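Undergrad: What follows is run10.txt, made up of compact mmCIF, C-alpha atoms:
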```
# COMPACT_ATOMS: atom_id res chain seq x y z
CA MET A 19 2.83 26.99 -31.81
CA THR A 20 3.80 23.45 -30.95
CA ALA A 21 4.96 24.59 -27.53
CA PHE A 22 1.49 25.94 -26.86
CA VAL A 23 -0.14 22.71 -28.07
CA SER A 24 2.12 20.63 -25.86
CA PHE A 25 1.31 22.94 -22.95
CA ILE A 26 -2.41 22.40 -23.50
CA LEU A 27 -1.88 18.65 -23.81
CA THR A 28 0.11 18.58 -20.59
CA ALA A 29 -2.62 20.53 -18.85
CA LEU A 30 -5.19 18.02 -20.12
CA ARG A 31 -3.12 15.09 -18.95
CA LEU A 32 -2.57 16.59 -15.54
CA SER A 33 -6.21 17.49 -15.08
CA THR A 34 -7.58 14.06 -16.02
CA PRO A 35 -7.17 12.39 -12.61
CA LEU A 36 -8.54 15.54 -10.98
CA SER A 37 -11.55 15.51 -13.31
CA TYR A 38 -12.35 11.88 -12.62
CA ALA A 39 -11.96 12.31 -8.90
CA ALA A 40 -13.97 15.54 -8.81
CA LEU A 41 -16.79 13.90 -10.77
CA GLY A 42 -16.66 10.99 -8.34
CA GLY A 43 -16.86 13.44 -5.47
CA TYR A 44 -19.91 15.00 -7.11
CA CYS A 45 -21.68 11.62 -7.28
CA SER A 46 -21.07 10.96 -3.63
CA GLU A 47 -21.51 14.38 -2.09
CA ARG A 48 -24.53 15.39 -4.14
CA SER A 49 -26.34 12.37 -2.77
CA GLY A 50 -25.41 13.28 0.78
CA THR A 51 -22.27 11.42 1.77
CA ILE A 52 -19.25 13.56 2.62
CA ASN A 53 -16.40 11.92 0.78
CA ILE A 54 -12.95 12.87 2.00
CA ALA A 55 -11.76 9.46 0.86
CA LEU A 56 -11.32 10.50 -2.77
CA GLU A 57 -7.59 10.44 -2.15
CA GLY A 58 -7.65 6.95 -0.66
CA MET A 59 -9.87 5.49 -3.37
CA MET A 60 -7.64 6.98 -6.04
CA LEU A 61 -4.53 5.57 -4.38
CA MET A 62 -6.02 2.10 -4.03
CA GLY A 63 -7.24 2.24 -7.62
CA SER A 64 -3.80 3.13 -8.90
CA PHE A 65 -2.20 0.36 -6.84
CA THR A 66 -4.57 -2.39 -7.96
CA ALA A 67 -4.34 -1.19 -11.54
CA ALA A 68 -0.54 -1.28 -11.43
CA VAL A 69 -0.41 -4.75 -9.84
CA VAL A 70 -2.90 -6.36 -12.21
CA ALA A 71 -1.46 -4.68 -15.27
CA GLN A 72 1.96 -5.92 -14.31
CA LYS A 73 0.81 -9.48 -13.65
CA THR A 74 -1.38 -9.86 -16.71
CA HIS A 75 0.64 -7.61 -19.04
CA CYS A 76 -2.61 -6.13 -20.26
CA ALA A 77 -3.59 -2.54 -19.62
CA ALA A 78 -7.35 -3.07 -19.97
CA TYR A 79 -7.38 -5.55 -17.09
CA GLY A 80 -5.39 -3.01 -15.15
CA VAL A 81 -8.04 -0.36 -15.66
CA LEU A 82 -10.74 -2.81 -14.63
CA ALA A 83 -8.76 -3.72 -11.54
CA GLY A 84 -8.31 -0.03 -10.75
CA ILE A 85 -12.05 0.45 -10.89
CA GLY A 86 -12.43 -2.58 -8.63
CA GLY A 87 -9.94 -1.25 -6.13
CA GLY A 88 -11.67 2.10 -5.98
CA MET A 89 -15.03 0.41 -5.58
CA ALA A 90 -13.76 -1.78 -2.76
CA LEU A 91 -12.73 1.21 -0.67
CA ALA A 92 -15.91 3.01 -1.64
CA ALA A 93 -17.88 0.02 -0.40
CA LEU A 94 -16.08 0.28 2.95
CA HIS A 95 -16.76 4.00 3.14
CA GLY A 96 -20.38 3.48 2.16
CA PHE A 97 -20.83 0.70 4.69
CA LEU A 98 -19.48 2.88 7.46
CA CYS A 99 -21.39 5.98 6.44
CA ILE A 100 -24.71 4.69 5.13
CA THR A 101 -25.30 1.38 6.84
CA LEU A 102 -23.63 2.09 10.16
CA ARG A 103 -24.39 5.82 10.03
CA SER A 104 -21.09 6.80 11.54
CA ASP A 105 -19.31 10.12 11.28
CA GLN A 106 -18.50 10.53 7.62
CA ILE A 107 -15.33 12.49 8.09
CA ILE A 108 -13.82 9.88 10.41
CA SER A 109 -14.77 7.18 7.93
CA GLY A 110 -13.15 9.11 5.10
CA MET A 111 -9.93 9.59 7.06
CA ALA A 112 -9.93 5.89 7.99
CA VAL A 113 -10.19 4.95 4.32
CA ASN A 114 -7.38 7.36 3.49
CA PHE A 115 -5.10 5.87 6.14
CA LEU A 116 -5.93 2.38 4.95
CA ALA A 117 -5.03 3.30 1.40
CA MET A 118 -1.78 4.89 2.55
CA GLY A 119 -0.74 1.80 4.47
CA LEU A 120 -2.11 -1.21 2.63
CA PRO A 121 -0.39 -0.87 -0.80
CA PRO A 122 3.17 -0.84 0.57
CA VAL A 123 2.39 -3.86 2.77
CA ILE A 124 0.99 -5.82 -0.17
CA SER A 125 3.72 -4.74 -2.55
CA LYS A 126 6.34 -5.76 -0.01
CA ALA A 127 4.73 -9.17 0.17
CA LEU A 128 4.41 -9.53 -3.57
CA TYR A 129 7.47 -7.82 -4.98
CA ASP A 130 9.65 -7.21 -1.96
CA MET A 131 9.74 -3.49 -2.62
CA SER A 132 7.73 -0.50 -1.49
CA GLY A 133 5.83 0.11 -4.67
CA GLY A 134 4.67 -1.68 -7.79
CA THR A 135 7.31 -2.69 -10.25
CA PRO A 136 7.58 -0.38 -13.23
CA MET A 137 5.89 -1.64 -16.33
CA LEU A 138 7.40 -1.45 -19.76
CA GLN A 139 4.88 -1.85 -22.49
CA THR A 140 1.86 -2.69 -20.45
CA SER A 141 1.18 1.00 -19.92
CA GLU A 142 -1.61 2.31 -22.04
CA ARG A 143 0.16 4.26 -24.67
CA VAL A 144 -2.73 3.94 -27.08
CA ALA A 145 -1.81 7.24 -28.65
CA SER A 146 -4.89 8.30 -30.49
CA TRP A 147 -5.56 11.89 -31.42
CA PHE A 148 -2.14 13.52 -31.27
CA GLY A 149 -0.74 11.50 -28.44
CA VAL A 150 -3.66 11.75 -26.06
CA SER A 151 -4.71 8.59 -24.34
CA PRO A 152 -8.34 7.40 -24.44
CA LEU A 153 -8.68 7.84 -20.68
CA VAL A 154 -8.24 11.58 -21.06
CA ALA A 155 -11.12 11.70 -23.51
CA GLY A 156 -13.00 9.35 -21.19
CA ALA A 157 -12.95 12.04 -18.52
CA PHE A 158 -14.92 14.34 -20.81
CA VAL A 159 -17.29 11.54 -21.75
CA ALA A 160 -17.92 10.81 -18.08
CA ALA A 161 -18.48 14.51 -17.44
CA ALA A 162 -20.96 14.75 -20.32
CA LEU A 163 -22.78 11.69 -19.00
CA LEU A 164 -22.97 13.12 -15.50
CA ILE A 165 -24.10 16.52 -16.76
CA PHE A 166 -26.92 14.81 -18.61
CA ILE A 167 -27.84 12.77 -15.57
CA HIS A 168 -27.68 15.82 -13.34
CA ARG A 169 -29.86 17.97 -15.55
CA SER A 170 -32.47 15.85 -17.21
CA SER A 171 -32.85 12.36 -15.85
CA ARG A 172 -34.77 10.82 -13.01
CA LEU A 173 -31.64 9.28 -11.56
CA GLY A 174 -30.18 12.75 -11.34
CA GLN A 175 -33.22 13.99 -9.50
CA TYR A 176 -32.99 11.10 -7.08
CA LEU A 177 -29.33 11.91 -6.45
CA ARG A 178 -30.04 15.57 -5.83
CA PHE A 179 -33.01 14.87 -3.59
CA ALA A 180 -31.03 12.36 -1.55
CA GLY A 181 -28.60 15.13 -0.81
CA GLU A 182 -30.97 18.03 -0.33
CA HIS A 183 -34.16 16.61 1.08
CA PRO A 184 -34.02 12.88 1.73
CA ASP A 185 -37.36 12.90 3.55
CA ALA A 186 -39.13 14.01 0.40
CA LEU A 187 -37.47 11.20 -1.51
CA GLN A 188 -38.44 8.70 1.15
CA SER A 189 -42.05 9.82 0.97
CA GLN A 190 -41.98 9.14 -2.74
CA GLY A 191 -41.14 5.54 -2.00
CA VAL A 192 -37.56 5.59 -3.22
CA SER A 193 -35.00 4.03 -0.95
CA VAL A 194 -32.67 6.87 0.01
CA ARG A 195 -30.04 4.42 1.20
CA ARG A 196 -29.90 2.76 -2.18
CA VAL A 197 -29.47 6.07 -3.95
CA ARG A 198 -26.68 7.06 -1.57
CA TRP A 199 -25.01 3.68 -2.03
CA LEU A 200 -25.14 4.24 -5.78
CA GLY A 201 -23.55 7.64 -5.35
CA VAL A 202 -20.71 6.32 -3.21
CA LEU A 203 -20.04 3.34 -5.48
CA LEU A 204 -20.00 5.61 -8.52
CA ALA A 205 -17.47 7.75 -6.71
CA GLY A 206 -15.39 4.62 -6.22
CA VAL A 207 -15.58 3.77 -9.91
CA LEU A 208 -14.54 7.24 -11.00
CA CYS A 209 -11.76 7.57 -8.45
CA GLY A 210 -10.53 4.12 -9.42
CA LEU A 211 -10.38 5.32 -13.00
CA ALA A 212 -8.46 8.38 -11.86
CA GLY A 213 -5.99 6.23 -9.97
CA SER A 214 -5.50 3.76 -12.78
CA TYR A 215 -4.85 6.64 -15.19
CA LEU A 216 -2.27 7.96 -12.77
CA SER A 217 -0.34 4.71 -12.38
CA ILE A 218 -0.75 2.95 -15.72
CA ASP A 219 -1.12 5.77 -18.17
CA HIS A 220 0.52 8.87 -16.80
CA GLY A 221 3.25 7.12 -14.86
CA GLY A 222 5.11 3.88 -15.27
CA GLY A 223 3.97 2.10 -12.14
CA PHE A 224 2.92 2.66 -8.60
CA ALA A 225 4.97 4.74 -6.21
CA ARG A 226 4.31 5.17 -2.54
CA ASN A 227 1.70 7.87 -1.92
CA MET A 228 1.49 8.44 -5.62
CA THR A 229 -1.55 10.67 -5.55
CA ALA A 230 0.26 13.35 -3.54
CA GLY A 231 -2.85 15.07 -2.30
CA ARG A 232 -4.68 15.10 -5.61
CA GLY A 233 -7.80 13.71 -4.02
CA TYR A 234 -8.00 16.71 -1.74
CA ILE A 235 -7.46 19.07 -4.67
CA ALA A 236 -10.29 17.27 -6.46
CA LEU A 237 -12.47 17.87 -3.42
CA ALA A 238 -11.56 21.55 -3.58
CA ALA A 239 -12.42 21.52 -7.28
CA LEU A 240 -15.80 20.06 -6.45
CA ILE A 241 -16.48 22.78 -3.89
CA ILE A 242 -15.34 25.53 -6.24
CA GLY A 243 -17.59 24.05 -8.90
CA CYS A 244 -20.56 24.46 -6.57
CA TRP A 245 -21.20 20.73 -6.41
CA THR A 246 -22.17 20.45 -10.07
CA PRO A 247 -20.54 18.19 -12.66
CA HIS A 248 -19.83 20.99 -15.12
CA GLY A 249 -18.39 23.18 -12.38
CA ALA A 250 -16.23 20.35 -11.07
CA LEU A 251 -14.92 19.63 -14.57
CA ILE A 252 -14.05 23.26 -15.23
CA ALA A 253 -12.37 23.62 -11.86
CA ALA A 254 -10.36 20.44 -12.43
CA LEU A 255 -9.28 21.70 -15.85
CA ALA A 256 -8.25 25.00 -14.26
CA PHE A 257 -6.14 23.14 -11.72
CA GLY A 258 -4.58 21.15 -14.53
CA LEU A 259 -3.68 24.39 -16.27
CA ILE A 260 -2.12 25.75 -13.11
CA ASP A 261 -0.14 22.53 -12.66
CA ALA A 262 1.06 22.61 -16.24
CA SER A 263 2.11 26.23 -15.95
CA GLN A 264 3.96 25.34 -12.76
CA ILE A 265 6.00 22.81 -14.70
CA LEU A 266 6.58 25.34 -17.42
CA LEU A 267 7.69 28.05 -15.04
CA GLN A 268 10.35 26.01 -13.31
CA GLY A 269 13.72 27.27 -14.21
CA THR A 270 12.74 30.51 -15.91
CA THR A 271 14.47 33.64 -14.75
CA LEU A 272 12.59 36.34 -12.97
CA PRO A 273 11.42 39.09 -15.29
CA PHE A 274 12.58 42.69 -15.07
CA GLY A 275 15.84 41.60 -13.49
CA LEU A 276 14.31 41.30 -10.01
CA PHE A 277 16.84 40.08 -7.47
CA GLY A 278 19.51 40.28 -10.08
CA GLY A 279 17.81 38.02 -12.59
CA GLN A 280 18.14 34.78 -10.64
CA THR A 281 15.85 31.87 -11.16
CA VAL A 282 12.97 31.40 -8.78
CA PRO A 283 13.57 28.46 -6.46
CA VAL A 284 11.76 25.38 -7.68
CA GLN A 285 9.89 24.87 -4.44
CA TRP A 286 8.19 28.25 -4.69
CA ILE A 287 6.83 27.41 -8.10
CA GLN A 288 5.72 23.99 -6.92
CA MET A 289 3.72 25.76 -4.23
CA LEU A 290 1.68 27.60 -6.84
CA PRO A 291 -1.11 25.02 -7.37
CA TYR A 292 -1.74 24.73 -3.64
CA ILE A 293 -1.70 28.50 -3.10
CA ALA A 294 -4.11 28.85 -5.98
CA THR A 295 -6.33 26.24 -4.34
CA LEU A 296 -6.37 28.23 -1.12
CA ALA A 297 -7.03 31.53 -2.85
CA ILE A 298 -9.82 30.24 -5.05
CA LEU A 299 -11.45 28.37 -2.20
CA ALA A 300 -11.32 31.44 0.02
CA GLY A 301 -12.90 33.48 -2.71
CA ALA A 302 -15.50 31.01 -3.90
CA ALA A 303 -16.80 29.75 -0.60
CA GLY A 304 -16.53 33.02 1.27
CA GLY A 305 -19.29 35.42 2.04
CA LYS A 306 -18.25 38.45 0.07
CA THR A 307 -18.70 36.94 -3.38
CA SER A 308 -21.76 37.56 -5.46
CA ARG A 309 -24.84 35.55 -4.67
CA ARG A 310 -24.80 33.49 -7.82
CA PHE A 311 -21.34 32.09 -7.27
CA ARG A 312 -21.49 31.33 -3.64
CA ALA A 313 -20.78 27.66 -3.24
CA ARG A 314 -23.55 26.10 -1.24
CA PRO A 315 -23.33 22.46 -0.22
CA PRO A 316 -26.28 20.10 -0.54
CA LYS A 317 -28.52 20.61 2.43
CA ALA A 318 -28.48 17.07 3.76
CA LEU A 319 -24.75 16.61 3.22
CA GLY A 320 -23.23 14.73 6.09
CA THR A 321 -26.41 13.81 7.88
CA PRO A 322 -26.90 10.06 7.78
CA PHE A 323 -30.30 8.80 6.88
CA PHE B 22 -2.07 13.35 9.14
CA THR B 23 -1.33 11.12 12.06
CA GLY B 24 -2.17 14.05 14.29
CA LEU B 25 -5.59 14.21 12.72
CA GLY B 26 -6.19 10.56 13.57
CA ILE B 27 -5.10 11.19 17.16
CA ALA B 28 -7.40 14.18 17.45
CA LEU B 29 -10.34 12.21 16.06
CA LEU B 30 -9.67 9.39 18.50
CA ALA B 31 -9.48 11.75 21.45
CA ARG B 32 -12.83 13.33 20.59
CA GLY B 33 -12.33 16.50 22.52
CA SER B 34 -11.06 15.30 25.87
CA ILE B 35 -7.57 16.33 26.88
CA PRO B 36 -6.61 13.21 28.92
CA GLY B 37 -7.90 11.20 25.99
CA LEU B 38 -5.60 13.18 23.76
CA VAL B 39 -2.59 12.23 25.88
CA PHE B 40 -3.49 8.56 25.82
CA ALA B 41 -4.28 8.59 22.12
CA ALA B 42 -0.96 10.22 21.35
CA LEU B 43 0.81 7.63 23.51
CA LEU B 44 -1.00 4.88 21.65
CA PHE B 45 -0.07 6.20 18.23
CA GLY B 46 3.48 6.82 19.36
CA ALA B 47 3.73 3.22 20.55
CA LEU B 48 2.38 2.05 17.21
CA HIS B 49 4.89 4.20 15.37
CA LYS B 50 7.85 2.96 17.40
CA GLY B 51 6.70 -0.62 17.15
CA ALA B 52 6.46 -0.24 13.40
CA LEU B 53 10.01 1.04 13.20
CA ASP B 54 11.16 -1.95 15.22
CA LEU B 55 9.16 -4.13 12.86
CA ASP B 56 11.28 -2.79 10.08
CA LEU B 57 14.43 -3.83 11.87
CA GLU B 58 13.32 -7.24 13.09
CA THR B 59 11.35 -8.79 10.26
CA GLU B 60 12.04 -8.95 6.59
CA LYS B 61 8.67 -9.18 4.97
CA VAL B 62 6.60 -6.79 7.07
CA THR B 63 7.34 -3.10 6.76
CA ARG B 64 6.45 -0.12 8.89
CA ASP B 65 3.40 0.62 6.79
CA LEU B 66 1.51 -2.00 8.73
CA SER B 67 1.17 0.65 11.44
CA ALA B 68 -0.77 2.81 9.00
CA VAL B 69 -3.12 -0.10 8.42
CA ILE B 70 -3.56 -0.58 12.17
CA GLN B 71 -4.23 3.13 12.60
CA ALA B 72 -6.82 2.86 9.85
CA LEU B 73 -8.45 -0.07 11.64
CA ILE B 74 -8.54 1.95 14.85
CA LEU B 75 -10.27 4.77 13.00
CA VAL B 76 -12.71 2.33 11.42
CA ALA B 77 -13.56 1.00 14.86
CA LEU B 78 -13.96 4.58 16.07
CA ALA B 79 -16.27 5.35 13.18
CA ALA B 80 -18.35 2.24 13.78
CA GLN B 81 -18.58 2.87 17.49
CA PRO B 82 -22.10 4.37 17.62
CA ALA B 83 -23.46 1.47 15.61
CA ILE B 84 -21.78 -1.12 17.82
CA ALA B 85 -23.03 0.63 20.94
CA GLY B 86 -26.53 0.57 19.44
CA ALA B 87 -26.21 -3.14 18.74
CA PHE B 88 -25.16 -3.78 22.32
CA ASP B 89 -28.13 -1.82 23.58
CA ARG B 90 -30.49 -3.84 21.42
CA VAL B 91 -29.05 -7.14 22.63
CA ALA B 92 -29.30 -5.97 26.22
CA ALA B 93 -32.91 -4.94 25.68
CA ARG B 94 -33.72 -8.34 24.28
CA PHE B 95 -32.24 -10.00 27.38
CA ALA B 96 -34.21 -7.66 29.61
CA LYS B 97 -37.43 -8.61 27.82
CA LYS B 98 -36.69 -12.29 28.24
CA LYS B 99 -36.15 -11.80 31.95
CA GLU B 100 -39.45 -10.01 32.29
CA ARG B 101 -41.34 -12.79 30.59
CA ALA B 102 -39.72 -15.53 32.64
```
What does the file become when written as C-alpha cells?
TA:
Amino acid sequence: MTAFVSFILTALRLSTPLSYAALGGYCSERSGTINIALEGMMLMGSFTAAVVAQKTHCAAYGVLAGIGGGMALAALHGFLCITLRSDQIISGMAVNFLAMGLPPVISKALYDMSGGTPMLQTSERVASWFGVSPLVAGAFVAAALLIFIHRSSRLGQYLRFAGEHPDALQSQGVSVRRVRWLGVLLAGVLCGLAGSYLSIDHGGGFARNMTAGRGYIALAALIIGCWTPHGALIAALAFGLIDASQILLQGTTLPFGLFGGQTVPVQWIQMLPYIATLAILAGAAGGKTSRRFRARPPKALGTPF
Amino acid sequence: FTGLGIALLARGSIPGLVFAALLFGALHKGALDLDLETEKVTRDLSAVIQALILVALAAQPAIAGAFDRVAARFAKKKERA
C-alpha cells in the first residue's frame, strides 16, 4: 500500500512543473501568442530562484525571484511578439537560447562553477500533508483559478477572444495588446513557479539545462489538453504518471522470461515518456480521432495584432 | 538546437544557409577558444550571442519598418523645402 502511495506522490511531484508550465502555456497561447519559450522561462526561473535562495537563505524569496526571472523572459518574448510583431516562433527560440546560455555565464561569474551551488536547508521542505510541498498543491490551486477564469469570468472571455477573434475584441473597445501582454506575463509567472519548484523544491540547486525538455513536454500537454486549463492539467498529470512509472520500471526484469529474463536497458525505459508524448500527440492532433477530441488551436494563434 | 537557429537565420535560401552555418561554426569555435584563454568567461557566452542574433532576426521586420518611417519623414521634409 505504501509503495502505491509513494508512487502517486512521486507522480504528483514530477507533474508539478509540467502543470505549472502547461497552465502558463494556456494563458499565453489562448490569448494568441505562440509560446515555445516555456522551456526558457522555466530554466531562467529555476536559475534565479536558486541564486536568490542561496544568497538570502530563504526559500520564499527564492520563489519570488523565480517568478521574477520567468516574468523577465516573458517580457522579452512579449515585447518581440506583441510590440514588435515579429515571428513568434523565432522569438520563442531566441528566448530559449538565451536561457540556455545566460545562467552558466552568470553562475561562472558569481560562483565560478557552471551551475548554482547546492543549497542545504534553504530548499523548501515544508512537508505538509504527508510530505508534499505547498507548491505541488499550488499547482492545483492555480489550475482551479484558471478554470474559473476560463469558464465564467470576463477576463477569461477577453483572453479567449484575443486568441480567436481579436477584431471582435477590438471593436468592443478592449485593447487586444494589453490582454495578450497579460497572457504572456501570466505565462512567465507560472513558468517561473515551475522552474523555482524544480530547482529549490524538487532538486537541491540549479544544474545546467536543468529542465531537460520539460517545457516542450508541457507544450505537448497543452496541445493534448485542447488548449484548456483542465485539459492541460490532466495531460500534465498523465505525463507525471508516465515519468513516475518510468522510474519505477528501471531495473525490473522482463516478464515471461523474454530474452532470458534480462533487465531492460535503462535508456529504453527513459525513452518511454517521450515516446508516449509522440504517440499521444499523433493521436490527439491527428485527423482520424473523433470530432470532440480533435485538438484545435485558437484561431488567431500566431497572428500578431 | 543550434541547427534550428541556423535554419531560422537562413530563412529558406541555400547560400544563406552556408553563410549562417559558417557564422555559427565560427561562434562555436571562438567559444571553445574562450574557454581555453580566459578564466571567467565560459563557452556559454556563445549561446547568449546566438540568442542575440535570433532576437535581432526576430525584430528585423520592426526595425525595417522603423527605417522606412524615418526615410519617409526625410522625404516629406525635402518636399516641403
Undergrad: Smallest atom-to-atom distance to Pro122 in chain A: which of A:Met228, A:Ile165, A:Ala157, A:Leu200, using only C-alpha atoms?
TA: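 Smallest separation from Pro122 in chain A among the options: A:Met228.
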Undergrad: Find the residues of chain B that sit at most 7 Å from chain A; for each, write down the nearest two atoms and how far apart they are in Å, to one decimal. Count all atoms listed in the file. Sort by chain, then by number going up, and give it as a Markdown table.
TA:
```
| residue | atom | partner | partner_atom | distance |
| --- | --- | --- | --- | --- |
| B:Lys61 | CA | A:Ala127 | CA | 6.2 |
| B:Val62 | CA | A:Val123 | CA | 6.7 |
| B:Thr63 | CA | A:Val123 | CA | 6.4 |
| B:Asp65 | CA | A:Gly119 | CA | 4.9 |
| B:Leu66 | CA | A:Gly119 | CA | 6.1 |
| B:Ala68 | CA | A:Gly119 | CA | 4.6 |
| B:Val69 | CA | A:Gly119 | CA | 5.0 |
| B:Ala72 | CA | A:Ala112 | CA | 4.7 |
| B:Leu75 | CA | A:Ala112 | CA | 5.1 |
| B:Val76 | CA | A:Ala112 | CA | 5.7 |
| B:Ala79 | CA | A:Ser104 | CA | 5.3 |
| B:Ala80 | CA | A:Ser104 | CA | 5.8 |
| B:Pro82 | CA | A:Ser104 | CA | 6.6 |
| B:Ala83 | CA | A:Leu102 | CA | 5.5 |
```
Undergrad: Could you give me, as a tab-separated table (two decimals) with C-alpha atoms, keeping the file's coordinate frame, the residues within 12 Å of Pro291 in chain A, counting all atoms listed in the file and dropping anything in the same chain fewer than 4 positions from it?
TA:
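Saved as out.tsv:
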```
chain	number	residue	atom	x	y	z
A	32	LEU	CA	-2.57	16.59	-15.54
A	33	SER	CA	-6.21	17.49	-15.08
A	231	GLY	CA	-2.85	15.07	-2.30
A	232	ARG	CA	-4.68	15.10	-5.61
A	235	ILE	CA	-7.46	19.07	-4.67
A	238	ALA	CA	-11.56	21.55	-3.58
A	239	ALA	CA	-12.42	21.52	-7.28
A	254	ALA	CA	-10.36	20.44	-12.43
A	256	ALA	CA	-8.25	25.00	-14.26
A	257	PHE	CA	-6.14	23.14	-11.72
A	258	GLY	CA	-4.58	21.15	-14.53
A	259	LEU	CA	-3.68	24.39	-16.27
A	260	ILE	CA	-2.12	25.75	-13.11
A	261	ASP	CA	-0.14	22.53	-12.66
A	262	ALA	CA	1.06	22.61	-16.24
A	263	SER	CA	2.11	26.23	-15.95
A	264	GLN	CA	3.96	25.34	-12.76
A	265	ILE	CA	6.00	22.81	-14.70
A	285	GLN	CA	9.89	24.87	-4.44
A	286	TRP	CA	8.19	28.25	-4.69
A	287	ILE	CA	6.83	27.41	-8.10
A	295	THR	CA	-6.33	26.24	-4.34
A	296	LEU	CA	-6.37	28.23	-1.12
A	297	ALA	CA	-7.03	31.53	-2.85
A	298	ILE	CA	-9.82	30.24	-5.05
```
Undergrad: Could you check which of B:Gly37, B:Ala77, B:Glu60, B:Ile70 is closest to Thr23 in chain B, using only C-alpha atoms?
TA: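 So, comparing all the options, the nearest one is B:Ile70.
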Undergrad: Record the distance separating CA of Gly213 in chain A and CA of Gly156 in chain A, expressed in Å with one decimal.
TA: 13.6 Å
Undergrad: List as a PyMOL selection string the protein and nucleic acid residues near Ala230 in chain A, meaning an atom at most 9 Å away when all atoms listed in the file are counted, but skip any in the same chain fewer than 3 places from it.
TA: chain A and resi 57+227+233
Undergrad: Could you state the separation of CA of Gly210 in chain A and CA of Ser24 in chain A in Å, given to one decimal place?
TA: 26.5 Å
Undergrad: Which distance in Å separates CA of Leu164 in chain A and CA of Leu41 in chain A, to one decimal?
TA: 7.8 Å
Undergrad: For Ser189 in chain A, please output as an MDAnalysis selection string all residues within 12 Å (counting all atoms listed in the file; exclusion window: fewer than 6 positions along the same chain).
TA: chainID A and resid 179:180 183
Undergrad: Of the residues A:Leu187, A:Ala21, A:Leu203, A:Val284, which is the one nearest to Gly87 in chain A, using only C-alpha atoms?
TA: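 Ranking A:Leu187, A:Ala21, A:Leu203, A:Val284 by distance to Gly87 in chain A, first place goes to A:Leu203.
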Undergrad: Rank nothing, just name the residue among B:Leu78, B:Ala96, B:Leu73, B:Ile27 nearest to Ala42 in chain B, using all atoms listed in the file.
TA: B:Ile27
Undergrad: Kindly extract all protein, DNA and RNA residues lying within 9 Å of the coordinates (-1.0, -5.3, -17.0) given in the file, considering all atoms listed in the file, and supply them as a list in words.
TA: Ala67, Ala68, Val69, Val70, Ala71, Gln72, Lys73, Thr74, His75, Cys76, Ala77, Ala78, Tyr79, Gly80, Val81, Met137, Gln139, Thr140, Ser141 and Ile218 of chain A
Undergrad: Where atoms are missing, can you supply N, CA and C atoms for range 72-86 of chain B and output the lot as a PDB file, keeping the file's coordinate frame?
TA:
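Saved to out-v1.pdb:
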```
ATOM      1  N   ALA B  72      -5.571   2.799  10.611  1.00  0.00           N
ATOM      2  CA  ALA B  72      -6.820   2.860   9.850  1.00  0.00           C
ATOM      3  C   ALA B  72      -7.876   1.993  10.502  1.00  0.00           C
ATOM      4  N   LEU B  73      -7.483   0.811  10.984  1.00  0.00           N
ATOM      5  CA  LEU B  73      -8.450  -0.070  11.640  1.00  0.00           C
ATOM      6  C   LEU B  73      -8.975   0.561  12.912  1.00  0.00           C
ATOM      7  N   ILE B  74      -8.080   1.262  13.642  1.00  0.00           N
ATOM      8  CA  ILE B  74      -8.540   1.950  14.850  1.00  0.00           C
ATOM      9  C   ILE B  74      -9.579   2.994  14.493  1.00  0.00           C
ATOM     10  N   LEU B  75      -9.305   3.747  13.402  1.00  0.00           N
ATOM     11  CA  LEU B  75     -10.270   4.770  13.000  1.00  0.00           C
ATOM     12  C   LEU B  75     -11.567   4.146  12.530  1.00  0.00           C
ATOM     13  N   VAL B  76     -11.486   3.004  11.861  1.00  0.00           N
ATOM     14  CA  VAL B  76     -12.710   2.330  11.420  1.00  0.00           C
ATOM     15  C   VAL B  76     -13.526   1.923  12.634  1.00  0.00           C
ATOM     16  N   ALA B  77     -12.834   1.377  13.645  1.00  0.00           N
ATOM     17  CA  ALA B  77     -13.560   1.000  14.860  1.00  0.00           C
ATOM     18  C   ALA B  77     -14.182   2.221  15.510  1.00  0.00           C
ATOM     19  N   LEU B  78     -13.430   3.344  15.494  1.00  0.00           N
ATOM     20  CA  LEU B  78     -13.960   4.580  16.070  1.00  0.00           C
ATOM     21  C   LEU B  78     -15.194   5.027  15.306  1.00  0.00           C
ATOM     22  N   ALA B  79     -15.144   4.906  13.988  1.00  0.00           N
ATOM     23  CA  ALA B  79     -16.270   5.350  13.180  1.00  0.00           C
ATOM     24  C   ALA B  79     -17.476   4.458  13.414  1.00  0.00           C
ATOM     25  N   ALA B  80     -17.238   3.163  13.608  1.00  0.00           N
ATOM     26  CA  ALA B  80     -18.350   2.240  13.780  1.00  0.00           C
ATOM     27  C   ALA B  80     -18.851   2.198  15.201  1.00  0.00           C
ATOM     28  N   GLN B  81     -18.254   2.994  16.071  1.00  0.00           N
ATOM     29  CA  GLN B  81     -18.580   2.870  17.490  1.00  0.00           C
ATOM     30  C   GLN B  81     -20.036   3.144  17.832  1.00  0.00           C
ATOM     31  N   PRO B  82     -20.678   4.180  17.273  1.00  0.00           N
ATOM     32  CA  PRO B  82     -22.100   4.370  17.620  1.00  0.00           C
ATOM     33  C   PRO B  82     -22.953   3.176  17.218  1.00  0.00           C
ATOM     34  N   ALA B  83     -22.660   2.614  16.060  1.00  0.00           N
ATOM     35  CA  ALA B  83     -23.460   1.470  15.610  1.00  0.00           C
ATOM     36  C   ALA B  83     -23.274   0.278  16.517  1.00  0.00           C
ATOM     37  N   ILE B  84     -22.022   0.042  16.938  1.00  0.00           N
ATOM     38  CA  ILE B  84     -21.780  -1.120  17.820  1.00  0.00           C
ATOM     39  C   ILE B  84     -22.447  -0.901  19.161  1.00  0.00           C
ATOM     40  N   ALA B  85     -22.374   0.354  19.664  1.00  0.00           N
ATOM     41  CA  ALA B  85     -23.030   0.630  20.940  1.00  0.00           C
ATOM     42  C   ALA B  85     -24.533   0.392  20.810  1.00  0.00           C
ATOM     43  N   GLY B  86     -25.117   0.809  19.671  1.00  0.00           N
ATOM     44  CA  GLY B  86     -26.530   0.570  19.440  1.00  0.00           C
ATOM     45  C   GLY B  86     -26.862  -0.902  19.408  1.00  0.00           C
TER      46      GLY B  86
END
```
